[in-house]
$ cat upload37.cif   # mmCIF, C-alpha atoms
data_structure
#
loop_
_atom_site.label_atom_id
_atom_site.label_comp_id
_atom_site.auth_asym_id
_atom_site.auth_seq_id
_atom_site.Cartn_x
_atom_site.Cartn_y
_atom_site.Cartn_z
CA MET A 41 -60.45 -123.10 219.10
CA GLU A 42 -57.79 -122.75 221.76
CA ARG A 43 -55.18 -122.27 219.11
CA ALA A 44 -57.24 -119.66 217.34
CA SER A 45 -57.72 -117.61 220.53
CA LYS A 46 -54.00 -117.73 221.29
CA ALA A 47 -53.27 -116.62 217.75
CA ALA A 48 -55.74 -113.76 218.09
CA VAL A 49 -54.04 -112.51 221.24
CA ARG A 50 -50.72 -112.55 219.58
CA LEU A 51 -51.85 -110.54 216.57
CA PRO A 52 -49.83 -107.33 216.40
CA VAL A 53 -51.52 -103.99 215.76
CA PRO A 54 -50.76 -103.00 212.20
CA VAL A 55 -48.36 -100.08 211.90
CA SER A 56 -50.80 -98.10 209.76
CA LEU A 57 -53.58 -98.53 212.32
CA ARG A 58 -51.25 -97.57 215.18
CA ARG A 59 -50.28 -94.40 213.29
CA ALA A 60 -53.92 -93.57 212.63
CA LEU A 61 -54.83 -94.05 216.30
CA ARG A 62 -51.94 -91.87 217.43
CA SER A 63 -53.07 -89.07 215.14
CA ILE A 64 -56.41 -88.80 217.02
CA PRO A 65 -55.93 -86.21 219.81
CA ALA A 66 -56.83 -87.51 223.23
CA ALA A 67 -60.07 -86.09 224.59
CA ASP A 68 -58.98 -83.87 227.48
CA PHE A 69 -61.84 -83.78 229.95
CA GLN A 70 -59.69 -82.09 232.59
CA ALA A 71 -58.87 -79.14 230.31
CA GLU A 72 -59.69 -75.78 231.81
CA VAL A 73 -62.83 -74.17 230.48
CA PRO A 74 -62.94 -70.39 230.55
CA GLY A 75 -65.35 -68.92 233.07
CA PRO A 76 -66.94 -65.48 233.16
CA ARG A 77 -64.92 -62.61 234.56
CA ARG A 78 -65.38 -61.52 238.14
CA VAL A 79 -67.75 -58.58 238.63
CA PRO A 80 -66.54 -55.50 240.54
CA SER A 81 -67.30 -55.42 244.24
CA LEU A 82 -69.81 -52.94 245.65
CA PRO A 83 -69.24 -51.26 249.02
CA VAL A 84 -71.80 -51.88 251.74
CA PRO A 85 -74.13 -48.86 252.01
CA ALA A 86 -73.86 -46.93 255.28
CA SER A 87 -77.56 -47.44 256.04
CA LEU A 88 -77.13 -51.20 255.75
CA GLN A 89 -74.03 -51.09 257.98
CA THR A 90 -76.12 -49.43 260.68
CA ARG A 91 -78.88 -52.02 260.28
CA LEU A 92 -76.40 -54.88 260.49
CA ARG A 93 -74.69 -53.44 263.57
CA ALA A 94 -78.05 -53.12 265.28
CA LEU A 95 -78.63 -56.88 264.92
CA ALA A 96 -76.17 -57.63 267.70
CA GLU A 97 -77.35 -54.91 270.05
CA PRO A 98 -79.21 -56.31 273.05
CA ALA A 99 -82.90 -55.61 272.94
CA ARG A 100 -83.87 -52.83 275.32
CA VAL A 101 -85.66 -54.36 278.30
CA VAL A 102 -88.53 -52.22 279.59
CA ARG A 103 -88.75 -52.70 283.34
CA PRO A 104 -92.32 -53.18 284.53
CA LEU A 105 -93.68 -50.88 287.23
CA PRO A 106 -93.48 -52.23 290.79
CA ALA A 107 -96.45 -54.26 291.94
CA TRP A 108 -97.45 -51.78 294.63
CA LEU A 109 -97.70 -49.08 291.94
CA ARG A 110 -99.63 -51.22 289.46
CA SER A 111 -102.28 -52.26 292.03
CA SER A 112 -105.16 -49.83 292.75
CA ARG A 113 -105.36 -50.42 296.52
CA PRO A 114 -101.93 -49.07 297.39
CA ALA A 115 -102.54 -46.15 295.00
CA VAL A 116 -105.77 -45.19 296.85
CA ALA A 117 -104.07 -45.57 300.21
CA ALA A 118 -101.18 -43.41 299.06
CA SER A 119 -103.59 -40.71 297.84
CA ILE A 120 -105.39 -40.61 301.22
CA LEU A 121 -102.09 -40.41 303.04
CA ILE A 122 -100.89 -37.56 300.84
CA ALA A 123 -104.20 -35.68 301.35
CA MET A 124 -103.98 -36.05 305.15
CA LEU A 125 -100.43 -34.82 305.19
CA ALA A 126 -101.34 -31.85 303.01
CA ILE A 127 -104.21 -30.88 305.39
CA ARG A 128 -101.86 -31.16 308.32
CA ILE A 129 -99.24 -28.96 306.68
CA LEU A 130 -101.34 -26.44 304.75
CA GLY A 131 -104.48 -26.19 306.94
CA ASP A 132 -108.22 -26.70 306.42
CA PRO A 133 -108.89 -26.99 302.68
CA LEU A 134 -112.47 -25.66 303.07
CA ALA A 135 -111.30 -22.42 304.71
CA MET A 136 -108.55 -22.13 302.11
CA GLY A 137 -111.12 -22.50 299.36
CA ARG A 138 -113.37 -19.81 300.87
CA ARG A 139 -110.47 -17.41 301.22
CA ALA A 140 -109.54 -18.04 297.61
CA VAL A 141 -113.11 -17.39 296.39
CA ASP A 142 -113.32 -14.12 298.41
CA SER A 143 -110.06 -12.82 297.08
CA ALA A 144 -111.10 -13.71 293.54
CA ALA A 145 -114.42 -11.81 293.97
CA VAL A 146 -112.63 -8.70 295.24
CA ARG A 147 -110.28 -8.80 292.31
CA TRP A 148 -113.14 -9.24 289.88
CA ARG A 149 -115.00 -6.25 291.29
CA GLY A 150 -111.96 -4.03 291.01
CA TRP A 151 -111.35 -5.11 287.48
CA GLU A 152 -115.03 -4.67 286.55
CA SER A 153 -115.25 -1.05 287.81
CA GLY A 154 -112.02 -0.13 286.13
CA TRP A 155 -113.21 -1.61 282.88
CA GLU A 156 -116.53 0.31 283.08
CA SER A 157 -114.88 3.70 283.60
CA HIS A 158 -112.47 2.96 280.79
CA VAL A 159 -115.32 2.15 278.41
CA THR A 160 -117.27 5.31 279.43
CA ALA A 161 -114.25 7.54 278.86
CA THR A 162 -113.54 6.02 275.48
CA TYR A 163 -117.15 6.34 274.43
CA GLY A 164 -117.24 10.06 275.44
CA GLU A 165 -114.08 10.79 273.53
CA THR A 166 -115.34 9.06 270.42
CA ARG A 167 -118.71 10.80 270.61
CA SER A 168 -117.25 14.31 270.98
CA SER A 169 -114.81 13.64 268.15
CA LEU A 170 -117.62 12.50 265.88
CA THR A 171 -119.79 15.54 266.76
CA GLN A 172 -116.91 17.87 265.97
CA SER A 173 -116.33 16.19 262.60
CA LEU A 174 -120.02 16.47 261.65
CA THR A 175 -120.10 20.18 262.61
CA ASP A 176 -117.02 20.86 260.47
CA LEU A 177 -118.57 19.01 257.56
CA SER A 178 -121.82 20.98 257.84
CA SER A 179 -120.11 24.40 257.88
CA ARG A 180 -117.97 23.42 254.91
CA ALA A 181 -121.05 22.36 252.95
CA ILE A 182 -122.75 25.72 253.69
CA SER A 183 -119.71 27.68 252.47
CA ILE A 184 -119.57 25.61 249.24
CA GLN A 185 -123.25 26.25 248.64
CA ALA A 186 -122.80 30.03 249.08
CA SER A 187 -119.91 30.18 246.64
CA ILE A 188 -121.87 28.22 244.00
CA GLN A 189 -124.84 30.62 244.36
CA ALA A 190 -122.58 33.63 243.87
CA ALA A 191 -121.03 32.12 240.75
CA VAL A 192 -124.41 31.33 239.22
CA ARG A 193 -125.65 34.88 239.91
CA ALA A 194 -122.68 36.34 238.09
CA LEU A 195 -123.09 34.13 235.04
CA ILE A 196 -126.85 34.31 234.35
CA PRO A 197 -127.75 37.54 232.35
CA GLU A 198 -130.52 39.98 233.29
CA SER A 199 -132.51 39.08 230.09
CA ILE A 200 -133.62 35.82 231.61
CA PRO A 201 -137.17 36.19 232.88
CA SER A 202 -137.54 36.93 236.53
CA SER A 203 -139.73 33.90 236.97
CA PHE A 204 -136.82 31.70 235.91
CA ARG A 205 -134.31 33.80 237.86
CA ARG A 206 -136.35 33.15 240.92
CA LEU A 207 -135.58 29.56 240.49
CA ARG A 208 -131.94 30.18 241.29
CA MET B 1191 -62.14 -91.08 241.53
CA ARG B 1192 -62.59 -90.12 245.19
CA GLU B 1193 -64.00 -86.68 245.89
CA THR B 1194 -62.38 -84.38 248.37
CA VAL B 1195 -64.68 -83.61 251.30
CA PRO B 1196 -63.97 -80.42 253.30
CA ALA B 1197 -62.17 -81.36 256.50
CA MET B 1198 -64.39 -81.23 259.57
CA PRO B 1199 -62.45 -80.30 262.70
CA PRO B 1200 -63.68 -81.78 265.96
CA ILE B 1201 -66.11 -79.70 268.01
CA PHE B 1202 -63.61 -79.02 270.77
CA SER B 1203 -60.62 -78.61 268.55
CA ALA B 1204 -57.28 -78.05 270.23
CA ARG B 1205 -56.54 -75.28 267.74
CA PRO B 1206 -59.75 -73.48 266.86
CA THR B 1207 -59.78 -71.48 263.64
CA PRO B 1208 -59.73 -67.66 263.78
CA ASP B 1209 -63.29 -67.69 262.42
CA LEU B 1210 -64.41 -69.97 265.22
CA LEU B 1211 -62.78 -67.79 267.87
CA LEU B 1212 -64.40 -64.74 266.36
CA ALA B 1213 -67.79 -66.44 266.27
CA ARG B 1214 -67.46 -67.49 269.89
CA ARG B 1215 -66.55 -63.97 270.93
CA ALA B 1216 -69.48 -62.52 269.00
CA ALA B 1217 -71.87 -65.13 270.40
CA ALA B 1218 -70.70 -64.24 273.90
CA GLY B 1219 -71.60 -60.61 273.18
CA GLN B 1220 -68.02 -59.41 273.33
CA ALA B 1221 -67.79 -55.78 272.25
CA GLY B 1222 -66.34 -55.35 268.78
CA ALA B 1223 -66.54 -58.99 267.70
CA TRP B 1224 -69.72 -58.49 265.71
CA ASP B 1225 -68.27 -55.36 264.13
CA GLU B 1226 -65.24 -57.42 263.15
CA ILE B 1227 -67.47 -60.01 261.48
CA LEU B 1228 -69.24 -57.22 259.60
CA ALA B 1229 -65.92 -55.71 258.52
CA LEU B 1230 -64.62 -59.09 257.32
CA TYR B 1231 -67.69 -60.50 255.62
CA GLY B 1232 -70.15 -57.62 255.19
CA GLU B 1233 -69.03 -56.59 251.73
CA ARG B 1234 -68.62 -60.17 250.57
CA LEU B 1235 -72.05 -61.30 251.60
CA TYR B 1236 -73.66 -58.05 250.41
CA ASN B 1237 -72.18 -58.53 246.95
CA LEU B 1238 -73.28 -62.13 246.92
CA ALA B 1239 -76.78 -61.09 247.96
CA PHE B 1240 -76.72 -58.52 245.18
CA GLN B 1241 -76.06 -61.29 242.65
CA PHE B 1242 -79.08 -63.20 243.85
CA ALA B 1243 -81.40 -60.24 244.48
CA GLY B 1244 -80.45 -58.11 241.49
CA SER B 1245 -81.39 -54.76 243.00
CA ARG B 1246 -79.98 -52.63 245.78
CA PRO B 1247 -83.00 -52.52 248.15
CA GLU B 1248 -83.61 -56.25 247.82
CA ALA B 1249 -79.92 -56.97 248.26
CA GLU B 1250 -79.92 -54.94 251.48
CA ASP B 1251 -82.90 -56.84 252.85
CA LEU B 1252 -81.37 -60.16 251.84
CA THR B 1253 -78.04 -59.26 253.45
CA GLN B 1254 -79.84 -58.36 256.65
CA GLU B 1255 -81.62 -61.72 256.61
CA ILE B 1256 -78.31 -63.51 256.06
CA PHE B 1257 -76.63 -61.71 258.94
CA LEU B 1258 -79.61 -62.21 261.20
CA ARG B 1259 -79.41 -65.96 260.64
CA LEU B 1260 -75.68 -65.82 261.12
CA PHE B 1261 -76.10 -64.03 264.45
CA GLN B 1262 -78.85 -66.34 265.65
CA ASN B 1263 -76.80 -69.43 264.84
CA LEU B 1264 -73.34 -68.27 265.94
CA ARG B 1265 -73.34 -70.69 268.86
CA ARG B 1266 -73.85 -73.60 266.48
CA TYR B 1267 -70.84 -72.71 264.35
CA ARG B 1268 -68.03 -75.26 264.77
CA GLY B 1269 -65.47 -73.78 262.41
CA GLU B 1270 -65.89 -76.53 259.84
CA ALA B 1271 -66.11 -73.95 257.02
CA PRO B 1272 -65.22 -70.29 256.56
CA LEU B 1273 -67.78 -68.10 258.28
CA ALA B 1274 -68.98 -66.49 255.02
CA ALA B 1275 -69.56 -69.87 253.40
CA TRP B 1276 -71.32 -71.15 256.51
CA ALA B 1277 -73.54 -68.04 256.61
CA PHE B 1278 -74.42 -68.55 252.96
CA ARG B 1279 -75.25 -72.19 253.56
CA LEU B 1280 -77.58 -71.13 256.38
CA SER B 1281 -79.33 -68.62 254.14
CA ARG B 1282 -79.14 -70.49 250.86
CA ASN B 1283 -82.89 -71.00 250.62
CA LEU B 1284 -83.44 -67.26 251.06
CA CYS B 1285 -80.98 -66.53 248.27
CA ILE B 1286 -82.47 -69.15 245.97
CA ASP B 1287 -85.97 -67.81 246.62
CA HIS B 1288 -84.83 -64.31 245.71
CA TYR B 1289 -83.13 -65.66 242.63
CA ARG B 1290 -86.26 -67.47 241.51
CA ARG B 1291 -88.40 -64.42 242.14
CA MET B 1292 -85.91 -62.33 240.18
CA ARG B 1293 -86.14 -64.76 237.29
CA GLU B 1294 -89.93 -64.59 237.36
CA GLU B 1295 -90.02 -60.80 237.51
CA ARG B 1296 -87.39 -60.17 234.88
CA ARG B 1297 -88.86 -61.79 231.88
CA SER B 1298 -88.55 -58.60 229.87
CA VAL B 1299 -85.49 -56.94 231.48
CA LEU B 1300 -83.11 -59.81 232.00
CA VAL B 1301 -80.12 -58.04 233.54
CA SER B 1302 -80.37 -55.47 236.29
CA GLU B 1303 -79.16 -52.04 235.23
CA GLU B 1304 -77.44 -51.75 238.62
CA ILE B 1305 -75.31 -54.77 237.83
CA LEU B 1306 -74.41 -53.37 234.42
CA ARG B 1307 -73.55 -50.02 236.02
CA GLN B 1308 -70.84 -51.76 238.03
CA VAL B 1309 -69.03 -52.54 234.82
CA ALA B 1310 -66.70 -49.74 233.82
CA ALA B 1311 -64.12 -49.86 231.06
CA GLY B 1312 -62.29 -46.58 231.53
CA ASP B 1313 -62.91 -43.76 229.09
CA ASP B 1314 -63.52 -45.92 226.04
CA PRO B 1315 -67.27 -45.92 225.38
CA ARG B 1316 -67.00 -48.73 222.81
CA ALA B 1317 -65.11 -50.97 225.23
CA GLU B 1318 -67.64 -50.19 227.94
CA ALA B 1319 -70.53 -51.00 225.63
CA GLU B 1320 -68.88 -54.29 224.67
CA ARG B 1321 -68.23 -55.17 228.30
CA ARG B 1322 -71.86 -54.42 229.17
CA GLN B 1323 -72.97 -56.68 226.35
CA GLU B 1324 -70.68 -59.40 227.64
CA VAL B 1325 -71.95 -59.13 231.20
CA ALA B 1326 -75.54 -59.06 230.00
CA ALA B 1327 -74.91 -62.18 227.92
CA VAL B 1328 -73.34 -63.97 230.89
CA TYR B 1329 -76.25 -63.09 233.19
CA GLN B 1330 -78.80 -64.07 230.57
CA ALA B 1331 -77.02 -67.39 230.18
CA LEU B 1332 -77.04 -67.92 233.95
CA GLU B 1333 -80.75 -67.18 234.16
CA GLU B 1334 -81.48 -69.82 231.54
CA MET B 1335 -79.30 -72.45 233.19
CA PRO B 1336 -80.26 -74.85 236.00
CA GLU B 1337 -79.81 -73.27 239.44
CA SER B 1338 -77.29 -75.85 240.62
CA LEU B 1339 -74.99 -74.87 237.77
CA ALA B 1340 -75.70 -71.14 237.87
CA GLU B 1341 -74.95 -70.76 241.58
CA VAL B 1342 -71.55 -72.38 241.29
CA VAL B 1343 -70.60 -69.89 238.53
CA VAL B 1344 -71.91 -67.00 240.63
CA LEU B 1345 -69.89 -68.04 243.69
CA ARG B 1346 -66.70 -69.15 241.98
CA ASP B 1347 -66.38 -66.96 238.89
CA LEU B 1348 -68.44 -63.82 239.45
CA GLN B 1349 -67.71 -63.51 243.18
CA GLY B 1350 -64.25 -65.09 243.16
CA TRP B 1351 -64.79 -67.54 246.04
CA SER B 1352 -62.28 -70.34 246.37
CA LEU B 1353 -63.26 -73.91 245.50
CA GLU B 1354 -63.24 -74.85 249.18
CA GLU B 1355 -65.45 -71.91 250.12
CA THR B 1356 -67.84 -72.67 247.28
CA ALA B 1357 -67.98 -76.32 248.31
CA ALA B 1358 -68.63 -75.38 251.94
CA ALA B 1359 -71.30 -72.86 250.95
CA LEU B 1360 -73.13 -75.37 248.78
CA GLY B 1361 -72.58 -78.26 251.17
CA VAL B 1362 -70.99 -80.48 248.53
CA PRO B 1363 -67.49 -81.93 248.08
CA VAL B 1364 -64.86 -79.96 246.17
CA GLY B 1365 -64.89 -82.55 243.38
CA THR B 1366 -68.60 -81.95 242.82
CA VAL B 1367 -67.95 -78.22 242.61
CA LYS B 1368 -65.21 -78.86 240.04
CA SER B 1369 -67.39 -81.02 237.84
CA ARG B 1370 -70.38 -78.67 238.13
CA LEU B 1371 -68.15 -75.74 237.35
CA HIS B 1372 -66.79 -77.51 234.30
CA ARG B 1373 -70.25 -78.22 232.96
CA ALA B 1374 -71.55 -74.78 233.91
CA ARG B 1375 -68.69 -72.98 232.18
CA ILE B 1376 -69.20 -74.99 229.00
CA GLU B 1377 -72.86 -74.09 229.06
CA VAL B 1378 -72.15 -70.41 229.74
CA ALA B 1379 -69.55 -70.36 226.98
CA GLU B 1380 -71.94 -71.91 224.47
CA ARG B 1381 -74.75 -69.54 225.31
CA VAL B 1382 -72.52 -66.45 225.43
CA THR B 1383 -70.86 -67.41 222.16
CA ALA B 1384 -74.21 -67.82 220.47
CA ARG B 1385 -75.28 -64.38 221.66
CA LEU B 1386 -72.13 -62.42 221.04
CA GLN B 1387 -70.81 -64.02 217.88
CA ALA B 1388 -73.12 -62.12 215.59
CA ARG B 1389 -72.93 -58.77 217.35
CA TRP B 1390 -69.35 -58.53 218.60
CA PRO B 1391 -66.97 -60.80 216.71
CA GLY B 1392 -63.96 -61.41 218.92
CA ALA B 1393 -65.73 -60.40 222.11
CA VAL B 1394 -66.26 -63.98 223.22
CA ALA B 1395 -62.65 -64.49 224.14
CA ALA B 1396 -62.70 -61.34 226.22
CA ALA B 1397 -65.92 -62.27 227.98
CA LEU B 1398 -64.55 -65.55 229.17
CA GLU B 1399 -61.12 -65.94 230.63
CA VAL B 1400 -59.44 -68.88 232.27
CA THR B 1401 -59.90 -69.16 235.99
CA THR B 1402 -57.57 -71.56 237.70
CA CYS B 1403 -59.37 -74.27 239.64
#
$ encode --input "upload37.cif" --output "structure tokens"
Amino acid sequence: MERASKAAVRLPVPVSLRRALRSIPAADFQAEVPGPRRVPSLPVPASLQTRLRALAEPARVVRPLPAWLRSSRPAVAASILIAMLAIRILGDPLAMGRRAVDSAAVRWRGWESGWESHVTATYGETRSSLTQSLTDLSSRAISIQASIQAAVRALIPESIPSSFRRLR
Amino acid sequence: MRETVPAMPPIFSARPTPDLLLARRAAAGQAGAWDEILALYGERLYNLAFQFAGSRPEAEDLTQEIFLRLFQNLRRYRGEAPLAAWAFRLSRNLCIDHYRRMREERRSVLVSEEILRQVAAGDDPRAEAERRQEVAAVYQALEEMPESLAEVVVLRDLQGWSLEETAAALGVPVGTVKSRLHRARIEVAERVTARLQARWPGAVAAALEVTTC
């Protein structure tokens, strides 16, 4: 057994087999495999550039109103203070109001009378103009009627009975 | 075989990376730092979002989400990966969700017309038509593939990210990216070949070209 194994190890590879093995090309797993071609590069659109730039801009912080302005009590107090100061500077608001109402009434009266006279004058003018137009129209109609009568008289012969002629 | 894991610099590194310095400046609200980040990575992440979203309005919304997360997490960035890859890793779920939704919605129209419109082949209408067919075939193949394989092709091949960036974005070692990429490319090639062979003989070789790992 031992002898047989030693003999087996020593067996040379036959020349024909060696030649046949050499003729088989070695499988090259590291060989480069072609890949697809690179696609052309697109430029970044301007709108996207703007959007991307805006990502790093700090968010705008809206400052809250001061507490004394947000609370109603200081606001009421401030209003009273402003009113008192205004009275002190400008005078009694009641008297001011009365004066304002009086002056408005005077103005209204003046405007009202002026408006009335204007309307009266316009009405008179329109009326007289209309009367004149109607008078002209009437006289023109009378003259047309007279000329038609004269034409008819000239055309109708004397043979027509008087009874019919009377109809003219 | 041992896989290469992206190097993780210590939190208080003696020599912080330019990305880390930039992130720190932006996190501190320094004027211009955020604009610099947008200038450096805006286009990159927008194009990536476009790949996942498939349409312009959705890509814009997705990009905004990505940058919002990036901004909110700037203080947590330690410079262990490029900023773009780190931002993508933060927003990966958003991107994947969009991608899934896109897949669901586009059962009839598989490839977005906007993506195809990006493909121009000069004045030759035949070449342009062929290229559009190729791109459509690639995207259709990606939509049919498992997400883990599709995303590595999107990042590495379609977007041209480096292996390290792709690994950092996916949170896996570079070796894993390499093996996934290998499998994904074979799958893409098989699917694209099957689609294009009948229609455009000879177009397969043009659709796929070797990308050095």
$ atom_distance --input "upload37.cif" --atom1 "atom CA of Gly1365 of chain B" --atom2 "atom CA of Glu1270 of chain B"
17.6 Å
$ closest_residue --input "upload37.cif" --among "A:Arg93, A:Arg147, A:Arg139, A:Arg110" --to "chain B" --atoms "all atoms listed in the file"
A:Arg93
$ closest_residue --input "upload37.cif" --among "B:His1372, B:Arg1346, B:Arg1265, B:Arg1234" --to "Ser81 of chain A" --atoms "all atoms listed in the file"
B:Arg1234
$ resolve_selection --input "upload37.cif" --expression "the PyMOL selection byres ((chain A) within 8 of (chain B))" --output "list in words"
Glu72, Val73, Pro74, Gly75, Pro76, Arg77, Arg78, Val79, Pro80, Ser81, Leu82, Pro83, Val84, Leu88, Gln89, Arg91, Leu92, Arg93, Leu95 and Ala96 of chain A
$ resolve_selection --input "upload37.cif" --expression "the PyMOL selection byres ((chain B and resi 1243) around 8)" --output "ChimeraX atom specification"
/B:1239-1242,1244-1246,1248-1249,1252,1285,1288-1289,1292
$ atom_distance --input "upload37.cif" --atom1 "atom CA of Arg1370 of chain B" --atom2 "atom CA of Thr1207 of chain B"
28.5 Å
$ atom_distance --input "upload37.cif" --atom1 "atom CA of Ala1271 of chain B" --atom2 "atom CA of Ala1359 of chain B"
8.1 Å
$ residues_around --input "upload37.cif" --residues "Leu1211 of chain B" --least-positions-apart "5" --cutoff "12 Å" --atoms "all atoms listed in the file" --output "PyMOL selection string"
chain B and resi 1202-1206+1216-1218+1220+1223-1224+1226-1227+1264-1265+1267-1269+1272-1273
$ write_last_selection --input "upload37.cif" --atoms "C-alpha atoms" --output "short mmCIF file (atom, residue, chain, number, x, y, z; two decimals), keeping the file's coordinate frame"
data_model
loop_
_atom_site.label_atom_id
_atom_site.label_comp_id
_atom_site.auth_asym_id
_atom_site.auth_seq_id
_atom_site.Cartn_x
_atom_site.Cartn_y
_atom_site.Cartn_z
CA PHE B 1202 -63.61 -79.02 270.77
CA SER B 1203 -60.62 -78.61 268.55
CA ALA B 1204 -57.28 -78.05 270.23
CA ARG B 1205 -56.54 -75.28 267.74
CA PRO B 1206 -59.75 -73.48 266.86
CA ALA B 1216 -69.48 -62.52 269.00
CA ALA B 1217 -71.87 -65.13 270.40
CA ALA B 1218 -70.70 -64.24 273.90
CA GLN B 1220 -68.02 -59.41 273.33
CA ALA B 1223 -66.54 -58.99 267.70
CA TRP B 1224 -69.72 -58.49 265.71
CA GLU B 1226 -65.24 -57.42 263.15
CA ILE B 1227 -67.47 -60.01 261.48
CA LEU B 1264 -73.34 -68.27 265.94
CA ARG B 1265 -73.34 -70.69 268.86
CA TYR B 1267 -70.84 -72.71 264.35
CA ARG B 1268 -68.03 -75.26 264.77
CA GLY B 1269 -65.47 -73.78 262.41
CA PRO B 1272 -65.22 -70.29 256.56
CA LEU B 1273 -67.78 -68.10 258.28
#
$ closest_residue --input "upload37.cif" --among "B:Arg1266, B:Arg1293, B:Arg1282, B:Arg1215" --to "Ala1331 of chain B" --atoms "all atoms listed in the file"
B:Arg1293
$ resolve_selection --input "upload37.cif" --expression "the PyMOL selection byres ((chain B and resi 1279) around 10)" --output "tab-separated table (two decimals) with C-alpha atoms, in the coordinates of the input"
chain	number	residue	atom	x	y	z
B	1256	ILE	CA	-78.31	-63.51	256.06
B	1260	LEU	CA	-75.68	-65.82	261.12
B	1271	ALA	CA	-66.11	-73.95	257.02
B	1273	LEU	CA	-67.78	-68.10	258.28
B	1274	ALA	CA	-68.98	-66.49	255.02
B	1275	ALA	CA	-69.56	-69.87	253.40
B	1276	TRP	CA	-71.32	-71.15	256.51
B	1277	ALA	CA	-73.54	-68.04	256.61
B	1278	PHE	CA	-74.42	-68.55	252.96
B	1280	LEU	CA	-77.58	-71.13	256.38
B	1281	SER	CA	-79.33	-68.62	254.14
B	1282	ARG	CA	-79.14	-70.49	250.86
B	1283	ASN	CA	-82.89	-71.00	250.62
B	1284	LEU	CA	-83.44	-67.26	251.06
B	1285	CYS	CA	-80.98	-66.53	248.27
B	1356	THR	CA	-67.84	-72.67	247.28
B	1357	ALA	CA	-67.98	-76.32	248.31
B	1358	ALA	CA	-68.63	-75.38	251.94
B	1359	ALA	CA	-71.30	-72.86	250.95
B	1360	LEU	CA	-73.13	-75.37	248.78
B	1361	GLY	CA	-72.58	-78.26	251.17
$ axis_aligned_box --input "upload37.cif" --around "segment 1261-1279 of chain B" --padding-each-side "4 Å" --output "JSON"
{"center_x": -72.0, "center_y": -70.3, "center_z": 260.9, "size_x": 21.6, "size_y": 20.5, "size_z": 23.9}
